[in-house]
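Inspection log for the structure reproduced underneath, given as structure tokens.
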Amino acid sequence: MSTRLPAFLSETELIEACRKNNRQAQHALFQKMAGKMLSVVKRYITNTSEAEDTLMEGFVKVFSKLDQYQGGGSFEGWIRKIMVNEALMSIRKNKDRYPVDIDAAFDVAHPDETLMQLGLQEIENLISSLPTGYRTIFNLYAIEGYSHAEIAQLLAISEGTSKSQLSRARTLLQNQLAALQL
Amino acid sequence: MKNWNSVEEKWREQLQNKSDDIPEGLWSRIEERLEEKPVRRFPIYWAAAAMLLIAVGLSWNWNAAPEETRTVASEVTTAPANSETPLSQNVQESTETIASSPISTVTVPSTADQQESVLLSELVITEEIKHKEEVAAVQPLIESKAEPEEVVTVRLDIDPIQEEERPVAKRRKRSLFGKIVGEIRQALDGEPVNWQKLKEGNPAFENNIHNVANTYVKTEENLKRTLQIQ
């Protein structure tokens, strides 16, 4: 893109300009964050065009809710949270993808050493091979760092379900790795 | 032996800073969305406000004429005065009040002994005013000026204590809006309601009902057109 963007000295300055609806500042913020955020969204939504739509909705929300950002925590973290919520909303639209409310616990074997050696692309492929429900909970807990209580609240499920789905996801990852190695 | 937490921590570090290529045209789509104006929903509020204004307007028209006659009744009520003063001195003729009404043809007693009968006649006057309010409302004021010899306004002096003790039921005429609310309450209580009586005594109101109905139909059509309801 050939558009010349103004040099914003600091993140605070950029945020302030975005709050004033400065289109160039908003473009600059998009350029700065969109790649990372698309990666976040794609971990939840495997369909590319759906992920892009979600990213777009997420940025529209970021710009419209910017006044709510108090500046207490990381700005990138705040945007990431909006993107995750947007992705969850997109998943919620398809009820069939929702995690089944199962409280049964799964015995998870210790992770294979190979899991520690995987490259970035392999990790992504492995996670995206999980069914949506398991993938959602694994991403929220293992990658984003949400607690089971927070996941339960976000997805309107019980904490037990969140825990059992995580165990199931880990087992599936292990099995998937074995299948790939074959 | 590794556990899952350490695996996940490593994965988190690796994924944390991963960035994908931004597809072309995505910013343009976002820009379009940012330039979209919020959906305007005011037509519904405007319609509601218009209906409310019409109702208020009708209510005002309904009460405009009777207001004038009510002032007559209040003029007949009195200010405190010496009871020994001959009442005849306080009688004033005026052309400001209703013509050809029974109110104007009161015979005023001239002695203090007849004060009681004055009070009674005043009561009758008040009652007559109530009954004739609506008739008087439609009579033009000019008519009263045309026959000044028949017009007499009576200002009576009555002891304020007696005034307070009088069991005069001053019923305030309800506004049209109040009447409608009353009828709705009655309907909610399951009692039969005669909606036709709302227009009694005011033939103009019948036309106004048609105006309201027409406005409603037009508003509905406009809303359907605006919202594209089939």
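Letters A, B, ... go to the chains of the structure tokens in the order shown; residues in each chain start at 1; ligands are counted from 1 in the same order.
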
Each residue of chain A lying at most 8 Å from chain B should get a row with its shortest atom-to-atom pair and the distance in Å to one decimal, counting only C-alpha atoms; could you produce that, ordered by chain and increasing number, as JSON lines?
{"residue": "A:His27", "atom": "CA", "partner": "B:Trp27", "partner_atom": "CA", "distance": 7.3}
{"residue": "A:Phe30", "atom": "CA", "partner": "B:Trp27", "partner_atom": "CA", "distance": 7.6}
{"residue": "A:Ala34", "atom": "CA", "partner": "B:Ile22", "partner_atom": "CA", "distance": 6.5}
{"residue": "A:Gly35", "atom": "CA", "partner": "B:Ser19", "partner_atom": "CA", "distance": 4.5}
{"residue": "A:Lys36", "atom": "CA", "partner": "B:Ser19", "partner_atom": "CA", "distance": 4.1}
{"residue": "A:Met37", "atom": "CA", "partner": "B:Ser19", "partner_atom": "CA", "distance": 7.4}
{"residue": "A:Leu38", "atom": "CA", "partner": "B:Asp20", "partner_atom": "CA", "distance": 6.1}
{"residue": "A:Ser39", "atom": "CA", "partner": "B:Asp20", "partner_atom": "CA", "distance": 5.5}
{"residue": "A:Glu52", "atom": "CA", "partner": "B:Leu26", "partner_atom": "CA", "distance": 7.7}
{"residue": "A:Met56", "atom": "CA", "partner": "B:Ile30", "partner_atom": "CA", "distance": 5.9}
{"residue": "A:Glu57", "atom": "CA", "partner": "B:Ile30", "partner_atom": "CA", "distance": 7.9}
{"residue": "A:Phe59", "atom": "CA", "partner": "B:Ile30", "partner_atom": "CA", "distance": 7.3}
{"residue": "A:Val60", "atom": "CA", "partner": "B:Ile30", "partner_atom": "CA", "distance": 6.5}
{"residue": "A:His110", "atom": "CA", "partner": "B:Asn3", "partner_atom": "CA", "distance": 5.9}
{"residue": "A:Pro111", "atom": "CA", "partner": "B:Trp4", "partner_atom": "CA", "distance": 5.9}
{"residue": "A:Asp112", "atom": "CA", "partner": "B:Lys2", "partner_atom": "CA", "distance": 7.9}
{"residue": "A:Glu113", "atom": "CA", "partner": "B:Lys2", "partner_atom": "CA", "distance": 7.1}
{"residue": "A:Leu115", "atom": "CA", "partner": "B:Val7", "partner_atom": "CA", "distance": 6.8}
{"residue": "A:Met116", "atom": "CA", "partner": "B:Val7", "partner_atom": "CA", "distance": 5.8}
{"residue": "A:Leu120", "atom": "CA", "partner": "B:Gln14", "partner_atom": "CA", "distance": 6.4}
{"residue": "A:Ile123", "atom": "CA", "partner": "B:Trp11", "partner_atom": "CA", "distance": 7.2}
{"residue": "A:Ala142", "atom": "CA", "partner": "B:Glu8", "partner_atom": "CA", "distance": 5.5}
{"residue": "A:Ile143", "atom": "CA", "partner": "B:Arg12", "partner_atom": "CA", "distance": 4.9}
{"residue": "A:Glu144", "atom": "CA", "partner": "B:Arg12", "partner_atom": "CA", "distance": 7.6}
{"residue": "A:Arg170", "atom": "CA", "partner": "B:Trp4", "partner_atom": "CA", "distance": 8.0}

Would you mind writing down, as number ranges by chain, each residue of chain A that DSSP on the backbone assigns to alpha helix (DSSP H)? A: 11-19, 23-44, 48-64, 75-93, 114-117, 120-128, 132-138, 148-155, 159-181

Which of these, A:Thr54, A:Thr12, A:Ser167, A:Asn175, has the shortest distance to Met83 in chain A once you count only C-alpha atoms?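 Checking each candidate against Met83 in chain A, we get A:Thr54 as the closest.
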
Exercise: Glu183 in chain B partners within 9 Å, only C-alpha atoms, chain neighbours under 2 positions left out, as a ChimeraX atom specification: /B:178-181,185-188,193-195,198

Would you mind listing what lies within 9 Å of Thr136 in chain A as JSON, numbers by chain, with only C-alpha atoms counted and same-chain residues fewer than 4 positions away left out? {"A": [43, 44, 45, 88, 91, 99, 130, 131, 132, 140, 141]}

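We find CA of Gly182 in chain B and CA of Ala213 in chain B to be spaced 20.6 Å apart.
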